[in-house]
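Visitor: Before we start, here is the structure in question, set down as structure tokens.
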Amino acid sequence: SNAAEDIAYFLTLVVKTSKPLVVTAAQRQRETLSEDASRNFIDALITAVTPEAGGKGVLLVVNELIHPAREVTKNVFSRVDTWESLDTGALGIISGGKAYFYRSPLRLHTMDSMFSIANITAEDLPGTEILYSYTDASPALVKAAVNEANAKGLVIAAFGTASAHGGQRPPLLEAADDGVLVVLGNRGSSGRVADRGEPYISADNLTPQKANTLLKLALTVTNDREEVQEIFYKY
């Protein structure tokens, strides 16, 4: 369950099909009290055989809710209501043994996605790193990500105002000058980041972990800042 949202979003960007694609997870193991694994698994099967689930990209079905891969995120360590689509809400619900849908995703996915992993391996994907902004954040970590980890792109989990810590800004600007793409997200779990212009790229309302996934795939297509920004607005 730890990486369910990451897996779902990656799949919705690269799998070319209009068939229902459903990911599920659980917070409690099957042998524990009040386990949710069995119910989530059954609800996922119900969703997968529902015709209306097709064409909506990858779905994450948990806790009787049907979430879009792009928006859903895990917020709580142990409760079964941990997964939420905070900015936009769930797509549908499971009720009485049936799946009911109330809306569809508008961002590009699956059949309409430009991304493909047909001819690349995990080792071929460009290196990207997520860096966290906090009081007294060290600029050394930015330099290490670029110089030692050879990152081609950086995602900054910035403050709520979508600003990196002052100590991080000089090495970020230097990295951008050297061709590293720098995406600004926010360290909360919801909210949209406005476009700050050169040299930064707005993560829109993607969480840092999903912005990292999209950035990695975008870099397989282009390393032009404006083109990657457009990708973040479309996916």
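By order in the structure tokens, chains are A, B, ...; within a chain, residues start at 1; ligands start at 1, following the order shown.
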Would you list the contacts of Asn40 of chain A as a ChimeraX atom specification, taking every protein, DNA or RNA residue within 9 Å and counting only C-alpha atoms, but skipping same-chain residues closer than 5 positions in sequence?
Guide: /A:24-26,45,61-64
Visitor: Can you list every residue in segment 33-176 of chain A that DSSP puts in strand (DSSP E), as a PyMOL selection string?
Guide: chain A and resi 58-62+65-68+73-74+83-84+92-95+98-101+128-132+153-158
Visitor: Which one of A:Asp36, A:Asp195, A:Glu129, A:Glu71 sits closest to Gly57 of chain A if you count only C-alpha atoms?
Guide: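 Closest to Gly57 of chain A, using only C-alpha atoms: A:Glu71.
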Visitor: Interatomic distance between atom CA of Arg103 of chain A and atom CA of Leu184 of chain A?
Guide: 28.5 Å
Visitor: I'd like the neighbourhood of Pro199 of chain A as a list in words, where a residue qualifies if any of its atoms comes within 10 Å (using only C-alpha atoms), though same-chain residues fewer than 5 positions away should be ignored.
Guide: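 Near Pro199 of chain A, the qualifying residues are Leu172, Leu173, Glu174, Ala175, Ala176, Asp177, Gly179, Val180, Leu181, Val182, Val183, Arg225 and Glu226 of chain A.
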Visitor: Can those selected residues be exported to a file as an mmCIF file, in the first residue's frame so that it contains all heavy atoms?
Guide:
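result.cif written:
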data_model
loop_
_atom_site.group_PDB
_atom_site.id
_atom_site.type_symbol
_atom_site.label_atom_id
_atom_site.label_comp_id
_atom_site.auth_asym_id
_atom_site.auth_seq_id
_atom_site.Cartn_x
_atom_site.Cartn_y
_atom_site.Cartn_z
ATOM 1 N N LEU A 172 19.869 25.877 -6.818
ATOM 2 C CA LEU A 172 18.794 25.522 -7.748
ATOM 3 C C LEU A 172 18.897 26.337 -9.031
ATOM 4 O O LEU A 172 18.733 25.813 -10.138
ATOM 5 C CB LEU A 172 17.426 25.738 -7.098
ATOM 6 C CG LEU A 172 16.994 24.711 -6.048
ATOM 7 C CD1 LEU A 172 15.671 25.113 -5.411
ATOM 8 C CD2 LEU A 172 16.885 23.312 -6.649
ATOM 9 N N LEU A 173 19.176 27.622 -8.887
ATOM 10 C CA LEU A 173 19.342 28.476 -10.057
ATOM 11 C C LEU A 173 20.560 28.048 -10.870
ATOM 12 O O LEU A 173 20.531 28.048 -12.106
ATOM 13 C CB LEU A 173 19.478 29.939 -9.626
ATOM 14 C CG LEU A 173 18.218 30.571 -9.012
ATOM 15 C CD1 LEU A 173 18.536 31.963 -8.481
ATOM 16 C CD2 LEU A 173 17.086 30.626 -10.025
ATOM 17 N N GLU A 174 21.617 27.656 -10.165
ATOM 18 C CA GLU A 174 22.821 27.177 -10.846
ATOM 19 C C GLU A 174 22.534 25.884 -11.604
ATOM 20 O O GLU A 174 22.968 25.712 -12.746
ATOM 21 C CB GLU A 174 23.932 26.955 -9.822
ATOM 22 C CG GLU A 174 25.241 26.490 -10.433
ATOM 23 C CD GLU A 174 26.315 26.286 -9.382
ATOM 24 O OE1 GLU A 174 26.162 26.769 -8.245
ATOM 25 O OE2 GLU A 174 27.315 25.620 -9.701
ATOM 26 N N ALA A 175 21.772 24.997 -10.960
ATOM 27 C CA ALA A 175 21.424 23.734 -11.617
ATOM 28 C C ALA A 175 20.572 23.996 -12.854
ATOM 29 O O ALA A 175 20.776 23.369 -13.906
ATOM 30 C CB ALA A 175 20.681 22.828 -10.642
ATOM 31 N N ALA A 176 19.619 24.918 -12.734
ATOM 32 C CA ALA A 176 18.763 25.254 -13.870
ATOM 33 C C ALA A 176 19.589 25.828 -15.016
ATOM 34 O O ALA A 176 19.343 25.522 -16.185
ATOM 35 C CB ALA A 176 17.676 26.226 -13.441
ATOM 36 N N ASP A 177 20.577 26.656 -14.688
ATOM 37 C CA ASP A 177 21.457 27.222 -15.718
ATOM 38 C C ASP A 177 22.242 26.135 -16.442
ATOM 39 O O ASP A 177 22.609 26.293 -17.615
ATOM 40 C CB ASP A 177 22.426 28.231 -15.091
ATOM 41 C CG ASP A 177 21.753 29.537 -14.733
ATOM 42 O OD1 ASP A 177 20.660 29.810 -15.269
ATOM 43 O OD2 ASP A 177 22.301 30.291 -13.903
ATOM 44 N N GLY A 179 21.037 23.253 -17.146
ATOM 45 C CA GLY A 179 20.122 22.408 -17.907
ATOM 46 C C GLY A 179 19.306 21.429 -17.094
ATOM 47 O O GLY A 179 18.539 20.642 -17.661
ATOM 48 N N VAL A 180 19.439 21.466 -15.767
ATOM 49 C CA VAL A 180 18.621 20.599 -14.916
ATOM 50 C C VAL A 180 17.231 21.219 -14.787
ATOM 51 O O VAL A 180 17.101 22.412 -14.508
ATOM 52 C CB VAL A 180 19.254 20.431 -13.523
ATOM 53 C CG1 VAL A 180 18.354 19.591 -12.622
ATOM 54 C CG2 VAL A 180 20.637 19.793 -13.646
ATOM 55 N N LEU A 181 16.198 20.434 -14.996
ATOM 56 C CA LEU A 181 14.837 20.946 -14.861
ATOM 57 C C LEU A 181 14.423 20.937 -13.395
ATOM 58 O O LEU A 181 14.599 19.937 -12.694
ATOM 59 C CB LEU A 181 13.866 20.095 -15.681
ATOM 60 C CG LEU A 181 14.084 20.108 -17.200
ATOM 61 C CD1 LEU A 181 12.999 19.308 -17.896
ATOM 62 C CD2 LEU A 181 14.116 21.530 -17.745
ATOM 63 N N VAL A 182 13.896 22.069 -12.934
ATOM 64 C CA VAL A 182 13.521 22.218 -11.528
ATOM 65 C C VAL A 182 12.019 22.440 -11.430
ATOM 66 O O VAL A 182 11.488 23.438 -11.931
ATOM 67 C CB VAL A 182 14.266 23.391 -10.870
ATOM 68 C CG1 VAL A 182 13.866 23.508 -9.401
ATOM 69 C CG2 VAL A 182 15.775 23.208 -11.000
ATOM 70 N N VAL A 183 11.327 21.493 -10.809
ATOM 71 C CA VAL A 183 9.875 21.548 -10.652
ATOM 72 C C VAL A 183 9.542 21.955 -9.222
ATOM 73 O O VAL A 183 10.052 21.363 -8.261
ATOM 74 C CB VAL A 183 9.233 20.184 -10.970
ATOM 75 C CG1 VAL A 183 7.730 20.230 -10.726
ATOM 76 C CG2 VAL A 183 9.526 19.782 -12.409
ATOM 77 N N ARG A 225 12.228 23.428 -21.029
ATOM 78 C CA ARG A 225 11.439 23.829 -19.861
ATOM 79 C C ARG A 225 9.994 24.134 -20.222
ATOM 80 O O ARG A 225 9.053 23.694 -19.546
ATOM 81 C CB ARG A 225 12.062 25.047 -19.189
ATOM 82 C CG ARG A 225 11.464 25.361 -17.802
ATOM 83 C CD ARG A 225 11.718 26.782 -17.363
ATOM 84 N NE ARG A 225 10.840 27.705 -18.066
ATOM 85 C CZ ARG A 225 9.596 28.012 -17.675
ATOM 86 N NH1 ARG A 225 9.081 27.455 -16.600
ATOM 87 N NH2 ARG A 225 8.861 28.863 -18.363
ATOM 88 N N GLU A 226 9.760 24.920 -21.272
ATOM 89 C CA GLU A 226 8.404 25.304 -21.638
ATOM 90 C C GLU A 226 7.575 24.102 -22.073
ATOM 91 O O GLU A 226 6.384 24.007 -21.747
ATOM 92 C CB GLU A 226 8.433 26.367 -22.737
ATOM 93 C CG GLU A 226 8.994 27.713 -22.264
ATOM 94 C CD GLU A 226 8.900 28.775 -23.337
ATOM 95 O OE1 GLU A 226 8.374 28.471 -24.438
ATOM 96 O OE2 GLU A 226 9.353 29.907 -23.079
#
Visitor: Using DSSP on the backbone coordinates, identify the residues of segment 18-193 of chain A assigned to helix (DSSP H, G or I); present them as a ChimeraX atom specification.
Guide: /A:37-48,51-53,110-112,122-124,139-147,169-177
Visitor: Would you put the residues from that selection into a file with C-alpha atoms, as a PDB file, in the first residue's frame?
Guide:
ATOM      1  CA  ALA A  37      -7.871  -6.266   2.404  1.00  0.00           C
ATOM      2  CA  SER A  38     -10.737  -8.611   1.502  1.00  0.00           C
ATOM      3  CA  ARG A  39     -13.307  -5.866   1.031  1.00  0.00           C
ATOM      4  CA  ASN A  40     -10.962  -3.703  -1.025  1.00  0.00           C
ATOM      5  CA  PHE A  41     -10.047  -6.651  -3.244  1.00  0.00           C
ATOM      6  CA  ILE A  42     -13.697  -7.521  -3.896  1.00  0.00           C
ATOM      7  CA  ASP A  43     -14.552  -3.865  -4.570  1.00  0.00           C
ATOM      8  CA  ALA A  44     -11.654  -3.667  -7.018  1.00  0.00           C
ATOM      9  CA  LEU A  45     -13.002  -6.711  -8.894  1.00  0.00           C
ATOM     10  CA  ILE A  46     -16.472  -5.162  -8.978  1.00  0.00           C
ATOM     11  CA  THR A  47     -15.018  -1.982 -10.448  1.00  0.00           C
ATOM     12  CA  ALA A  48     -12.890  -3.821 -12.994  1.00  0.00           C
ATOM     13  CA  PRO A  51     -18.140  -1.070 -18.210  1.00  0.00           C
ATOM     14  CA  GLU A  52     -18.222   2.551 -17.022  1.00  0.00           C
ATOM     15  CA  ALA A  53     -14.761   2.055 -15.500  1.00  0.00           C
ATOM     16  CA  THR A 110      -3.582   5.861 -21.065  1.00  0.00           C
ATOM     17  CA  MET A 111      -4.704   5.972 -24.726  1.00  0.00           C
ATOM     18  CA  ASP A 112      -4.140   9.728 -25.019  1.00  0.00           C
ATOM     19  CA  ALA A 122      14.095   1.276 -15.681  1.00  0.00           C
ATOM     20  CA  GLU A 123      17.806   1.972 -16.076  1.00  0.00           C
ATOM     21  CA  ASP A 124      17.073   4.090 -19.149  1.00  0.00           C
ATOM     22  CA  PRO A 139      22.195  23.708  -0.230  1.00  0.00           C
ATOM     23  CA  ALA A 140      24.594  20.772  -0.175  1.00  0.00           C
ATOM     24  CA  LEU A 141      21.746  18.355  -0.889  1.00  0.00           C
ATOM     25  CA  VAL A 142      20.874  20.176  -4.104  1.00  0.00           C
ATOM     26  CA  LYS A 143      24.501  19.993  -5.208  1.00  0.00           C
ATOM     27  CA  ALA A 144      24.728  16.322  -4.265  1.00  0.00           C
ATOM     28  CA  ALA A 145      21.601  15.450  -6.241  1.00  0.00           C
ATOM     29  CA  VAL A 146      23.047  17.070  -9.353  1.00  0.00           C
ATOM     30  CA  ASN A 147      26.759  16.356  -9.033  1.00  0.00           C
ATOM     31  CA  ARG A 169      17.749  28.870  -4.204  1.00  0.00           C
ATOM     32  CA  PRO A 170      21.321  29.669  -5.373  1.00  0.00           C
ATOM     33  CA  PRO A 171      22.212  26.028  -6.160  1.00  0.00           C
ATOM     34  CA  LEU A 172      18.794  25.522  -7.748  1.00  0.00           C
ATOM     35  CA  LEU A 173      19.342  28.476 -10.057  1.00  0.00           C
ATOM     36  CA  GLU A 174      22.821  27.177 -10.846  1.00  0.00           C
ATOM     37  CA  ALA A 175      21.424  23.734 -11.617  1.00  0.00           C
ATOM     38  CA  ALA A 176      18.763  25.254 -13.870  1.00  0.00           C
ATOM     39  CA  ASP A 177      21.457  27.222 -15.718  1.00  0.00           C
TER      40      ASP A 177
END
